[in-house]
Amino acid sequence: MKIKHLTFLLPVLWSLNIIAQNNDTATISLPVENWLSAGPVTVLMPAFHDQNNLDGKTFKPADLLKMHIKKVEKPVAGKLFVDYEGKEIRWKKAKSGKSGNMPVSFSHESEYAVNWQAVYANVSEWMEPDVKITTPQCFELYVDGKKKASRYSFSQGDKEPKAVKKQIKLEPGKHLFVIKSLYHKEKNGKPWNVKMVFSLSPEEQQAISFNINPERFMDIEHLLLGQHLQSVKLSPDGKLVMLNFKEVYPPNGKSERWFLIKERETGNVVYTSEYTDINQAEWAPTGHQISFLAVAAGQNNFILLDLDTFKKQVLLENIKHFSGYRWSPKGDFIVYSLTEKPSAKKKDVYQVEGMPDRWPWWRSRSQLYQLKVADLASRRLTYGYLANNLQDISPDGQKLLISHNFPDFTARPYSRQVMMELNLADLSVDTLWNQNYGGGASYSPDGSKLLVTGSPVMFGEKGMNVKPGEIPNDYDTQAYIYDLKTGEADAITKEFNPSVQRARWNPVDGLIYFLVQDRTYKKVFVYNPKSRLFTDIGVKTDVVNNFDLASASPWLAYTGTNISYPATGYLVNLQDKTQSMFCDPEKDFFADVRFGKTEDWDFRNDSGITIEGRIYYPPDFDKSKKYPLIVYYYGGTSPTERSFRGRYPKNLFAAMGYVVYVLQPSGATGYGQEFSAQHVNNWGKTVADEIIKGTKLFIKDHPFVDPESVGCMGASYGGFMTMLLTTRTDIFAAAIAHAGISDISSYWGEGYWGYLYSSAASANSFPWNNRKLYVDQSPLFHADKVNTPLLLILGDADTNVPPGESIQMYTALKLLGKPVELVEVAGQNHHIEDYKKRIVWQKTILAWFDKWLKNQPDWWKDLYPKKNL
């Protein structure tokens with residue numbers, strides 16, 4: 001590799017006296033000088049070690065190194081490593097000096113001893129250096145927990161120990177190097193020294209540093225692993241809290257779900273479902289009882305467990321096709337659903353009966369049953385060719401609110417809902433509405449009204465708040481109070497800008513609690529039906545994932561994430577409005593992770609509307625330096641919220657040395673109906689202009705951004721926006737479209753939900769009546785204008801946005817000689833779910849940007865070496 005910036009490098013190299021020169025190339029030998037050391041620990045040969053085993057082999061001294069296994073995790077000076085025969089072995093600082101030889105002191109009379117030494121390497125670009133280990137002892141080298149090099153023989157005589165050299169691939173991030181060495185007192189009288197030297201190019205030497213501090217930036221490990229808090233549920237009296245978790249385990253991504261039940265006041269654990277196959281756990285309406293589905297001896301049993309007495313009762317035994325249940329308000333019965341499938345399966349040649357029939361699950365139907373707890377008598381409540389969906393049970397337990405939902409291709413949104421009340425006394429049915437727009441519904445505490453959520457046009461124009469002639473965005477969910485006597489609906493959120501995600505009418509205080517999308521935040525608001533006022537309860541997280549109310553006590557619980565912190569759980573006393581954190585399961589896991597700052601940055605579009613955005617800075621940000629920029633967006637009907645982790649983790653991009661600008665173009669929900677209506681029949685017309693303008697203004701306003709190193713990316717509708725942007729501008733040096741749409745008409749017709757999404761996004765527009773939208777806004781028809789290097793990436797089993805959307809764009813750009821790559825993830829749908837495949841997918845995104853925005857192509861070449869096909 002050519003020497004660059006020679007004036008800068010020579011003093012460094014000269015002082016180290018480690019230049020190895022060959023014509024016009026130079027290699028720097030960089031020894032590790034500072035270590036963490038644990039040990040030595042005396043080890044003994046096992047009893048009968050001199051006898052042959054079943055393979056005719058005796059136990060050798062080097063086998064002590066192989067068999068003496070202790071996993072090294074986050075070593076730090078002073079931390080306990082192992083308690084060995086009553087002696088605490090802690091990590092301590094050790095120095096090797098300029099020579100690189102780290103001495104190990106051992107004065108014990110024992111013949112054998114093992115020592116561990118560890119060092120962290122911070123790497124800012126992909127590299128594959130030579131690593132050389134020199135020691136007269138046996139040793140093993142581990143990098144990030146994987147064995148990379150070893151020698152199981154001792155140096156003999158006065159000869160200098162022979163070094164073991166190994167090329168090791170290092171991706172950007174923090175890596176832990178651990179050397180475990182074995183000392184044999186009688187066989188090797190040489191000093192116990194261990195030396196590790198890296199052979200690096202000048203560029204690599206600038207991109208690596210060593211330390212003994214476990215502090216790190218966000219990485220893929222912290223993206224995928226850890227105890228993810230999923231939800232929280234309160235007992236009726238609010239005294240017990242159920243916490244649901246999910247954890248993924250390497251190396252294959254096996255996941256486990258479990259829950260803990262704790263006392264609210266003390267935090268003491270009352271019950272745990274760990275190591276048991278339990279799901280669908282819910283609180284029963286009375287006492288401290290939980291119900292759940294448990295697998296035992298190969299059969300599903302529905303169980304009721306009393307946490308005061310720990311007495312179990314089997315409510316349903318060996319139940320099959322169980323799909324869900326709900327308790328009656330008094331706890332005297334449950335209504336459950338079973339899934340039915342037609343006996344006649346689809347043949348190899350079959351007729352498709354409507355677009356939904358393409359869905360593999362479409363021909364399955366759910367039917368409702370009632371189980372009385374007192375005598376365990378069960379009866380069937382519904383029958384027929386339509387699925388019967390349970391919406392709610394009336395407060396007096398006399399009626400069920402049920403619905404039929406089925407296709408109706410005559411009008412938007414191409415489905416129809418019949419909402420009904422089923423009288424449990426005689427199983428008679430009263431229809432409440434039969435209309436094209438449907439939604440969710442639940443009873444008011446007195447049973448006289450319904451709380452309904454649905455489209456702004458669910459009840460005609462009552463919920464609409466747009467300009468005359470505008471079509472509202474059907475995804476901007478509104479809330480209504482429906483009077484069961486008059487059949488009139490009151491649109492209570494019409495003037496309320498946040499979009500409704502979930503609603504609960506609390507029987508304790510008579511107020512309605514909403515989980516809402518408020519711009520890029522998710523919050524909990526409370527609505528007073530008497531004053532008609534909304535109040536923000538002031539949650540402590542940026543994005544609330546879910547909330548729960550105690551059914552007989554003034555308590556609320558919620559879980560949520562912050563922009564740079566994982567999910568936590570909070571409790572809210574609804575009487576005095578105080579909040580307290582109840583659960584922070586990943587505090588220790590993230591203790592050593594350092595994040596960069598985040599801040600808001602907005603601008604006005606050409607219509608004078610504020611377009612919100614935010615910035616993620618690298619953790620070691622220095623405003624005097626130049627940084628590459630990643631611009632991220634969705635551009636569709638939902639905002640890019642401030643949640644943590646996710647499939648496009650902005651904290652991870654920032655940790656890799658990028659400034660990340662996330663903007664929220666017009667058309668998203670959470671900003672009011674006027675704003676969200678801009679999405680309808682737009683398909684990037686204004687959104688592309690907003691992204692381009694916002695990017696240009698951002699670069700101008702932030703001199704630390706390198707204007708020649710700006711990339712953009714989006715997924716699904718955001719992938720469509722990426723493709724469209726590359727046909728409209730050359731300001732981006734690289735672009736990524738995951739599962740993007742290249743031809744609006746083919747997505748409309750082929751995707752499982754293409755025609756349904758388009759019923760809102762392209763309301764009343766079709767390929768035959770709006771060529772301007774379906775052709776002119778489709779990136780495929782403007783492929784000749786693309787000059788930006790474009791990565792098209794997708795799951796090859798995507799049923800939402802068919803793979804052909806990316807494939808046809810790839811074909812067009814290849815034939816045009818444009819810079820494009822196509823990466824398919826085998827067996828994955830719209831989201832990359834498989835653990836191992838997701839890691840490679842995530843690295844692919846980072847490597848693409850490194851190649852084009854940092855001029856660091858080696859990582860991409862390693863992932864996708866060129867083949868002569």
# chains A, B, ... in the order shown; residues from 1 in each chain; ligands from 1
$ closest_atom_pairs --of "stretch 259-341 of chain A" --to "stretch 231-249 of chain A" --cutoff "12 Å" --atoms "only C-alpha atoms" --output "JSON lines"
{"residue": "A:Phe259", "atom": "CA", "partner": "A:Asn244", "partner_atom": "CA", "distance": 4.3}
{"residue": "A:Leu260", "atom": "CA", "partner": "A:Leu243", "partner_atom": "CA", "distance": 5.2}
{"residue": "A:Ile261", "atom": "CA", "partner": "A:Met242", "partner_atom": "CA", "distance": 4.4}
{"residue": "A:Lys262", "atom": "CA", "partner": "A:Val241", "partner_atom": "CA", "distance": 5.3}
{"residue": "A:Glu263", "atom": "CA", "partner": "A:Leu240", "partner_atom": "CA", "distance": 4.7}
{"residue": "A:Arg264", "atom": "CA", "partner": "A:Lys239", "partner_atom": "CA", "distance": 5.2}
{"residue": "A:Glu265", "atom": "CA", "partner": "A:Lys239", "partner_atom": "CA", "distance": 7.3}
{"residue": "A:Thr266", "atom": "CA", "partner": "A:Lys239", "partner_atom": "CA", "distance": 9.9}
{"residue": "A:Gly267", "atom": "CA", "partner": "A:Val241", "partner_atom": "CA", "distance": 8.9}
{"residue": "A:Asn268", "atom": "CA", "partner": "A:Leu240", "partner_atom": "CA", "distance": 9.7}
{"residue": "A:Val269", "atom": "CA", "partner": "A:Val241", "partner_atom": "CA", "distance": 9.5}
{"residue": "A:Val270", "atom": "CA", "partner": "A:Leu240", "partner_atom": "CA", "distance": 8.5}
{"residue": "A:Tyr271", "atom": "CA", "partner": "A:Met242", "partner_atom": "CA", "distance": 9.1}
{"residue": "A:Thr272", "atom": "CA", "partner": "A:Met242", "partner_atom": "CA", "distance": 9.4}
{"residue": "A:Ser273", "atom": "CA", "partner": "A:Asn244", "partner_atom": "CA", "distance": 9.7}
{"residue": "A:Glu274", "atom": "CA", "partner": "A:Phe245", "partner_atom": "CA", "distance": 10.0}
{"residue": "A:Ile278", "atom": "CA", "partner": "A:Asn244", "partner_atom": "CA", "distance": 11.4}
{"residue": "A:Asn279", "atom": "CA", "partner": "A:Asn244", "partner_atom": "CA", "distance": 10.1}
{"residue": "A:Gln280", "atom": "CA", "partner": "A:Asn244", "partner_atom": "CA", "distance": 10.6}
{"residue": "A:Ala281", "atom": "CA", "partner": "A:Met242", "partner_atom": "CA", "distance": 9.1}
{"residue": "A:Glu282", "atom": "CA", "partner": "A:Lys233", "partner_atom": "CA", "distance": 7.9}
{"residue": "A:Trp283", "atom": "CA", "partner": "A:Ser235", "partner_atom": "CA", "distance": 5.9}
{"residue": "A:Ala284", "atom": "CA", "partner": "A:Pro236", "partner_atom": "CA", "distance": 7.9}
{"residue": "A:Pro285", "atom": "CA", "partner": "A:Pro236", "partner_atom": "CA", "distance": 6.1}
{"residue": "A:Thr286", "atom": "CA", "partner": "A:Pro236", "partner_atom": "CA", "distance": 6.7}
{"residue": "A:Gly287", "atom": "CA", "partner": "A:Pro236", "partner_atom": "CA", "distance": 7.2}
{"residue": "A:His288", "atom": "CA", "partner": "A:Ser235", "partner_atom": "CA", "distance": 6.6}
{"residue": "A:Gln289", "atom": "CA", "partner": "A:Ser235", "partner_atom": "CA", "distance": 8.2}
{"residue": "A:Ile290", "atom": "CA", "partner": "A:Ser235", "partner_atom": "CA", "distance": 8.7}
{"residue": "A:Ser291", "atom": "CA", "partner": "A:Ser235", "partner_atom": "CA", "distance": 11.8}
{"residue": "A:Asp306", "atom": "CA", "partner": "A:Ser235", "partner_atom": "CA", "distance": 11.9}
{"residue": "A:Leu307", "atom": "CA", "partner": "A:Leu240", "partner_atom": "CA", "distance": 9.9}
{"residue": "A:Asp308", "atom": "CA", "partner": "A:Leu240", "partner_atom": "CA", "distance": 11.1}
{"residue": "A:Pro329", "atom": "CA", "partner": "A:Pro236", "partner_atom": "CA", "distance": 10.7}
{"residue": "A:Lys330", "atom": "CA", "partner": "A:Pro236", "partner_atom": "CA", "distance": 11.2}
{"residue": "A:Gly331", "atom": "CA", "partner": "A:Pro236", "partner_atom": "CA", "distance": 11.2}
$ select_by_dssp --residues "stretch 475-670 of chain A" --states "strand (DSSP E)" --output "PyMOL selection string"
chain A and resi 478-483+489-491+499-505+512-518+521-528+533-536+543-549+555-562+565-573+579-583+598-600+603-604+610-611+613-616+627-632+659-663
$ residues_around --residues "stretch 58-65 of chain A" --least-positions-apart "3" --cutoff "6 Å" --atoms "only C-alpha atoms" --output "number ranges by chain"
A: 49-52, 68, 152
$ write_last_selection --atoms "N, CA and C atoms" --output "PDB file, in the first residue's frame"
ATOM      1  N   HIS A  49      -4.294 -39.503  34.717  1.00  0.00           N
ATOM      2  CA  HIS A  49      -3.974 -38.843  33.449  1.00  0.00           C
ATOM      3  C   HIS A  49      -3.004 -39.635  32.599  1.00  0.00           C
ATOM      4  N   ASP A  50      -2.260 -40.549  33.225  1.00  0.00           N
ATOM      5  CA  ASP A  50      -1.268 -41.314  32.472  1.00  0.00           C
ATOM      6  C   ASP A  50      -1.849 -42.604  31.890  1.00  0.00           C
ATOM      7  N   GLN A  51      -3.153 -42.822  32.095  1.00  0.00           N
ATOM      8  CA  GLN A  51      -3.790 -43.999  31.514  1.00  0.00           C
ATOM      9  C   GLN A  51      -4.407 -43.660  30.166  1.00  0.00           C
ATOM     10  N   ASN A  52      -4.457 -44.636  29.278  1.00  0.00           N
ATOM     11  CA  ASN A  52      -5.074 -44.429  27.980  1.00  0.00           C
ATOM     12  C   ASN A  52      -6.601 -44.311  28.127  1.00  0.00           C
ATOM     13  N   HIS A  68      -9.555 -26.320  30.469  1.00  0.00           N
ATOM     14  CA  HIS A  68      -9.795 -25.335  31.528  1.00  0.00           C
ATOM     15  C   HIS A  68     -10.509 -24.138  30.915  1.00  0.00           C
ATOM     16  N   TYR A 152      -0.123 -25.726  21.076  1.00  0.00           N
ATOM     17  CA  TYR A 152      -0.221 -26.649  22.198  1.00  0.00           C
ATOM     18  C   TYR A 152       1.090 -27.366  22.474  1.00  0.00           C
TER      19      TYR A 152
END
$ closest_residue --among "A:Ala826, A:Val119, A:Leu629, A:Met721" --to "A:Phe704" --atoms "only C-alpha atoms"
A:Leu629
$ closest_residue --among "A:Asn115, A:Lys693, A:Gly145, A:Lys195" --to "A:Lys98" --atoms "only C-alpha atoms"
A:Lys195
$ residues_around --residues "stretch 820-822 of chain A" --least-positions-apart "2" --cutoff "12 Å" --atoms "only C-alpha atoms" --output "PyMOL selection string"
chain A and resi 723+726+734-740+783+786-796+803-818+824-825+844-845+848+860+864+866
$ write_last_selection --atoms "C-alpha atoms" --output "compact mmCIF listing (two decimals), in the first residue's frame"
# COMPACT_ATOMS: atom_id res chain seq x y z
CA MET A 723 -35.50 4.86 -5.90
CA THR A 726 -32.13 8.79 -7.34
CA ALA A 734 -24.83 6.35 -2.26
CA ALA A 735 -28.38 5.10 -1.74
CA ILE A 736 -30.07 2.04 -0.23
CA ALA A 737 -33.60 0.82 -0.93
CA HIS A 738 -34.81 -2.10 1.14
CA ALA A 739 -37.95 -3.76 -0.28
CA GLY A 740 -38.72 -0.67 -2.33
CA ALA A 783 -34.28 4.64 -14.50
CA VAL A 786 -30.16 7.41 -12.03
CA ASN A 787 -26.47 8.14 -11.44
CA THR A 788 -26.22 7.43 -7.71
CA PRO A 789 -24.73 4.05 -6.68
CA LEU A 790 -27.82 2.17 -5.56
CA LEU A 791 -28.08 -0.92 -3.35
CA LEU A 792 -31.34 -2.83 -3.75
CA ILE A 793 -31.82 -5.27 -0.88
CA LEU A 794 -34.79 -7.48 -0.07
CA GLY A 795 -36.11 -10.73 1.33
CA ASP A 796 -36.72 -13.07 -1.60
CA PRO A 803 -39.16 -9.08 -4.97
CA GLY A 804 -39.89 -8.18 -8.59
CA GLU A 805 -40.05 -4.51 -7.60
CA SER A 806 -36.33 -4.52 -6.84
CA ILE A 807 -35.44 -7.03 -9.55
CA GLN A 808 -36.94 -5.01 -12.38
CA MET A 809 -35.19 -1.85 -11.18
CA TYR A 810 -31.94 -3.79 -10.99
CA THR A 811 -32.46 -5.12 -14.52
CA ALA A 812 -33.11 -1.63 -15.87
CA LEU A 813 -30.06 -0.10 -14.21
CA LYS A 814 -27.79 -2.97 -15.25
CA LEU A 815 -28.83 -2.63 -18.88
CA LEU A 816 -28.26 1.12 -18.61
CA GLY A 817 -24.76 0.58 -17.20
CA LYS A 818 -25.61 2.33 -13.94
CA GLU A 824 -31.44 -10.97 -1.76
CA VAL A 825 -31.91 -12.56 1.66
CA THR A 844 -24.41 -5.19 4.24
CA ILE A 845 -26.05 -1.80 4.81
CA TRP A 848 -22.27 -0.24 1.38
CA TRP A 860 -18.02 -4.85 1.06
CA TYR A 864 -19.41 -10.00 -1.51
CA LYS A 866 -16.33 -10.74 -7.04
$ atom_distance --atom1 "atom CA of A:Thr640" --atom2 "atom CA of A:Ser499"
13.8 Å
$ atom_distance --atom1 "atom CA of A:Ser758" --atom2 "atom CA of A:Arg614"
29.1 Å
$ residues_around --residues "A:Gln664" --least-positions-apart "2" --cutoff "8 Å" --atoms "only C-alpha atoms" --output "list of chain:residue names"
A:Ile611, A:Glu612, A:Gly613, A:Tyr633, A:Tyr634, A:Gly635, A:Pro639, A:Thr640, A:Val662, A:Ser666, A:Ala668
$ residues_around --residues "stretch 759-766 of chain A" --least-positions-apart "5" --cutoff "7 Å" --atoms "only C-alpha atoms" --output "PyMOL selection string"
chain A and resi 412-413+473-474+679-681
$ write_last_selection --atoms "N, CA and C atoms" --output "PDB file, in the first residue's frame"
ATOM      1  N   ARG A 412     -64.100   1.586  -1.823  1.00  0.00           N
ATOM      2  CA  ARG A 412     -63.036   1.673  -0.823  1.00  0.00           C
ATOM      3  C   ARG A 412     -63.627   1.451   0.574  1.00  0.00           C
ATOM      4  N   PRO A 413     -62.873   0.798   1.455  1.00  0.00           N
ATOM      5  CA  PRO A 413     -61.500   0.288   1.320  1.00  0.00           C
ATOM      6  C   PRO A 413     -61.448  -1.181   0.908  1.00  0.00           C
ATOM      7  N   ASN A 473     -56.597  10.775   5.101  1.00  0.00           N
ATOM      8  CA  ASN A 473     -55.767   9.581   5.156  1.00  0.00           C
ATOM      9  C   ASN A 473     -56.450   8.552   6.059  1.00  0.00           C
ATOM     10  N   ASP A 474     -56.847   7.415   5.484  1.00  0.00           N
ATOM     11  CA  ASP A 474     -57.567   6.400   6.255  1.00  0.00           C
ATOM     12  C   ASP A 474     -56.749   5.835   7.408  1.00  0.00           C
ATOM     13  N   HIS A 679     -50.554  12.712   2.027  1.00  0.00           N
ATOM     14  CA  HIS A 679     -50.055  11.434   1.526  1.00  0.00           C
ATOM     15  C   HIS A 679     -50.921  10.877   0.394  1.00  0.00           C
ATOM     16  N   VAL A 680     -52.195  11.225   0.397  1.00  0.00           N
ATOM     17  CA  VAL A 680     -53.145  10.622  -0.526  1.00  0.00           C
ATOM     18  C   VAL A 680     -52.892  11.106  -1.953  1.00  0.00           C
ATOM     19  N   ASN A 681     -52.713  10.148  -2.865  1.00  0.00           N
ATOM     20  CA  ASN A 681     -52.482  10.421  -4.285  1.00  0.00           C
ATOM     21  C   ASN A 681     -51.249  11.296  -4.530  1.00  0.00           C
TER      22      ASN A 681
END
$ residues_around --residues "stretch 210-218 of chain A" --least-positions-apart "4" --cutoff "8 Å" --atoms "only C-alpha atoms" --output "PDB file with N, CA, C and O atoms, in the first residue's frame"
ATOM      1  N   VAL A  32       1.061  -4.676  21.557  1.00  0.00           N
ATOM      2  CA  VAL A  32       0.117  -4.271  22.593  1.00  0.00           C
ATOM      3  C   VAL A  32       0.887  -4.057  23.883  1.00  0.00           C
ATOM      4  O   VAL A  32       1.594  -4.952  24.353  1.00  0.00           O
ATOM      5  N   ASN A  34      -0.528  -2.377  26.909  1.00  0.00           N
ATOM      6  CA  ASN A  34      -1.323  -2.363  28.137  1.00  0.00           C
ATOM      7  C   ASN A  34      -2.352  -3.485  28.111  1.00  0.00           C
ATOM      8  O   ASN A  34      -3.073  -3.659  27.126  1.00  0.00           O
ATOM      9  N   TRP A  35      -2.394  -4.222  29.200  1.00  0.00           N
ATOM     10  CA  TRP A  35      -3.259  -5.399  29.279  1.00  0.00           C
ATOM     11  C   TRP A  35      -4.073  -5.387  30.571  1.00  0.00           C
ATOM     12  O   TRP A  35      -3.741  -4.686  31.532  1.00  0.00           O
ATOM     13  N   LEU A  36      -5.074  -6.234  30.592  1.00  0.00           N
ATOM     14  CA  LEU A  36      -5.711  -6.679  31.813  1.00  0.00           C
ATOM     15  C   LEU A  36      -5.304  -8.128  32.020  1.00  0.00           C
ATOM     16  O   LEU A  36      -5.298  -8.915  31.075  1.00  0.00           O
ATOM     17  N   LYS A  74     -16.516  -8.866  29.326  1.00  0.00           N
ATOM     18  CA  LYS A  74     -16.314  -7.486  29.762  1.00  0.00           C
ATOM     19  C   LYS A  74     -15.313  -7.353  30.902  1.00  0.00           C
ATOM     20  O   LYS A  74     -15.648  -6.879  31.994  1.00  0.00           O
ATOM     21  N   PRO A  75     -14.077  -7.778  30.697  1.00  0.00           N
ATOM     22  CA  PRO A  75     -13.098  -7.596  31.772  1.00  0.00           C
ATOM     23  C   PRO A  75     -12.830  -6.122  32.045  1.00  0.00           C
ATOM     24  O   PRO A  75     -12.827  -5.297  31.134  1.00  0.00           O
ATOM     25  N   VAL A  76     -12.619  -5.800  33.311  1.00  0.00           N
ATOM     26  CA  VAL A  76     -12.288  -4.442  33.727  1.00  0.00           C
ATOM     27  C   VAL A  76     -11.477  -4.548  35.010  1.00  0.00           C
ATOM     28  O   VAL A  76     -11.663  -5.472  35.806  1.00  0.00           O
ATOM     29  N   ALA A  77     -10.530  -3.634  35.199  1.00  0.00           N
ATOM     30  CA  ALA A  77      -9.647  -3.689  36.360  1.00  0.00           C
ATOM     31  C   ALA A  77     -10.447  -3.715  37.653  1.00  0.00           C
ATOM     32  O   ALA A  77     -11.360  -2.906  37.859  1.00  0.00           O
ATOM     33  N   ALA A 118      -6.136  -9.801  28.629  1.00  0.00           N
ATOM     34  CA  ALA A 118      -7.167  -9.283  27.722  1.00  0.00           C
ATOM     35  C   ALA A 118      -6.879  -7.842  27.362  1.00  0.00           C
ATOM     36  O   ALA A 118      -6.305  -7.084  28.157  1.00  0.00           O
ATOM     37  N   VAL A 119      -7.302  -7.466  26.164  1.00  0.00           N
ATOM     38  CA  VAL A 119      -7.186  -6.086  25.701  1.00  0.00           C
ATOM     39  C   VAL A 119      -8.318  -5.824  24.712  1.00  0.00           C
ATOM     40  O   VAL A 119      -8.778  -6.733  23.998  1.00  0.00           O
ATOM     41  N   TYR A 120      -8.805  -4.599  24.694  1.00  0.00           N
ATOM     42  CA  TYR A 120      -9.840  -4.193  23.749  1.00  0.00           C
ATOM     43  C   TYR A 120      -9.194  -3.475  22.572  1.00  0.00           C
ATOM     44  O   TYR A 120      -8.245  -2.701  22.734  1.00  0.00           O
ATOM     45  N   ALA A 121      -9.746  -3.718  21.388  1.00  0.00           N
ATOM     46  CA  ALA A 121      -9.295  -3.021  20.179  1.00  0.00           C
ATOM     47  C   ALA A 121     -10.476  -2.259  19.595  1.00  0.00           C
ATOM     48  O   ALA A 121     -11.511  -2.849  19.289  1.00  0.00           O
ATOM     49  N   ASN A 122     -10.326  -0.955  19.444  1.00  0.00           N
ATOM     50  CA  ASN A 122     -11.321  -0.129  18.772  1.00  0.00           C
ATOM     51  C   ASN A 122     -10.927   0.005  17.310  1.00  0.00           C
ATOM     52  O   ASN A 122      -9.824   0.477  17.003  1.00  0.00           O
ATOM     53  N   GLY A 173     -15.854  -1.457  14.949  1.00  0.00           N
ATOM     54  CA  GLY A 173     -16.458  -1.644  16.264  1.00  0.00           C
ATOM     55  C   GLY A 173     -15.415  -1.977  17.298  1.00  0.00           C
ATOM     56  O   GLY A 173     -14.207  -1.783  17.092  1.00  0.00           O
ATOM     57  N   LYS A 174     -15.856  -2.499  18.431  1.00  0.00           N
ATOM     58  CA  LYS A 174     -14.959  -2.853  19.536  1.00  0.00           C
ATOM     59  C   LYS A 174     -14.801  -4.357  19.602  1.00  0.00           C
ATOM     60  O   LYS A 174     -15.784  -5.093  19.523  1.00  0.00           O
ATOM     61  N   HIS A 222     -25.712  -5.267  20.927  1.00  0.00           N
ATOM     62  CA  HIS A 222     -26.675  -4.564  21.775  1.00  0.00           C
ATOM     63  C   HIS A 222     -27.966  -4.239  21.016  1.00  0.00           C
ATOM     64  O   HIS A 222     -28.984  -3.925  21.638  1.00  0.00           O
ATOM     65  N   LEU A 223     -27.917  -4.316  19.720  1.00  0.00           N
ATOM     66  CA  LEU A 223     -29.126  -4.143  18.929  1.00  0.00           C
ATOM     67  C   LEU A 223     -30.051  -5.352  19.068  1.00  0.00           C
ATOM     68  O   LEU A 223     -31.268  -5.210  19.190  1.00  0.00           O
ATOM     69  N   ASP A 592     -21.974   0.097  29.758  1.00  0.00           N
ATOM     70  CA  ASP A 592     -20.711   0.504  29.129  1.00  0.00           C
ATOM     71  C   ASP A 592     -20.893   1.075  27.726  1.00  0.00           C
ATOM     72  O   ASP A 592     -19.909   1.311  27.025  1.00  0.00           O
ATOM     73  N   VAL A 593     -22.147   1.271  27.303  1.00  0.00           N
ATOM     74  CA  VAL A 593     -22.404   1.770  25.950  1.00  0.00           C
ATOM     75  C   VAL A 593     -22.579   3.289  26.004  1.00  0.00           C
ATOM     76  O   VAL A 593     -23.407   3.805  26.745  1.00  0.00           O
ATOM     77  N   ARG A 594     -21.787   3.991  25.194  1.00  0.00           N
ATOM     78  CA  ARG A 594     -21.856   5.451  25.157  1.00  0.00           C
ATOM     79  C   ARG A 594     -22.506   5.889  23.853  1.00  0.00           C
ATOM     80  O   ARG A 594     -22.151   5.424  22.772  1.00  0.00           O
ATOM     81  N   PHE A 595     -23.469   6.800  23.966  1.00  0.00           N
ATOM     82  CA  PHE A 595     -24.197   7.311  22.807  1.00  0.00           C
ATOM     83  C   PHE A 595     -23.803   8.762  22.537  1.00  0.00           C
ATOM     84  O   PHE A 595     -23.409   9.499  23.440  1.00  0.00           O
ATOM     85  N   PRO A 619     -20.755   9.279  18.844  1.00  0.00           N
ATOM     86  CA  PRO A 619     -20.429   9.477  20.264  1.00  0.00           C
ATOM     87  C   PRO A 619     -19.166  10.305  20.498  1.00  0.00           C
ATOM     88  O   PRO A 619     -19.061  10.982  21.512  1.00  0.00           O
ATOM     89  N   ASN A 651     -28.904   4.942  16.048  1.00  0.00           N
ATOM     90  CA  ASN A 651     -27.806   4.971  17.018  1.00  0.00           C
ATOM     91  C   ASN A 651     -26.620   4.139  16.542  1.00  0.00           C
ATOM     92  O   ASN A 651     -25.459   4.494  16.787  1.00  0.00           O
ATOM     93  N   LEU A 652     -26.898   3.032  15.868  1.00  0.00           N
ATOM     94  CA  LEU A 652     -25.825   2.186  15.343  1.00  0.00           C
ATOM     95  C   LEU A 652     -25.103   2.890  14.202  1.00  0.00           C
ATOM     96  O   LEU A 652     -23.874   2.865  14.123  1.00  0.00           O
ATOM     97  N   ALA A 655     -22.869   5.384  15.671  1.00  0.00           N
ATOM     98  CA  ALA A 655     -21.725   4.750  16.320  1.00  0.00           C
ATOM     99  C   ALA A 655     -20.647   4.363  15.313  1.00  0.00           C
ATOM    100  O   ALA A 655     -19.466   4.243  15.674  1.00  0.00           O
TER     101      ALA A 655
END
$ atom_distance --atom1 "atom CA of A:Lys70" --atom2 "atom CA of A:Lys93"
19.3 Å
$ closest_residue --among "A:Thr722, A:Ser551, A:Ser328, A:Gln205" --to "A:Leu780" --atoms "only C-alpha atoms"
A:Thr722
$ closest_residue --among "A:Gln478, A:Gln678, A:Asn434, A:Ser778" --to "A:Thr727" --atoms "only C-alpha atoms"
A:Ser778
$ select_by_dssp --residues "stretch 655-755 of chain A" --states "helix (DSSP H, G or I)" --output "ChimeraX atom specification"
/A:655,673-679,685-701,717-728,744-750,754-755
$ closest_residue --among "A:Thr637, A:Thr695, A:Gln398, A:Ser343" --to "A:Tyr757" --atoms "only C-alpha atoms"
A:Thr637
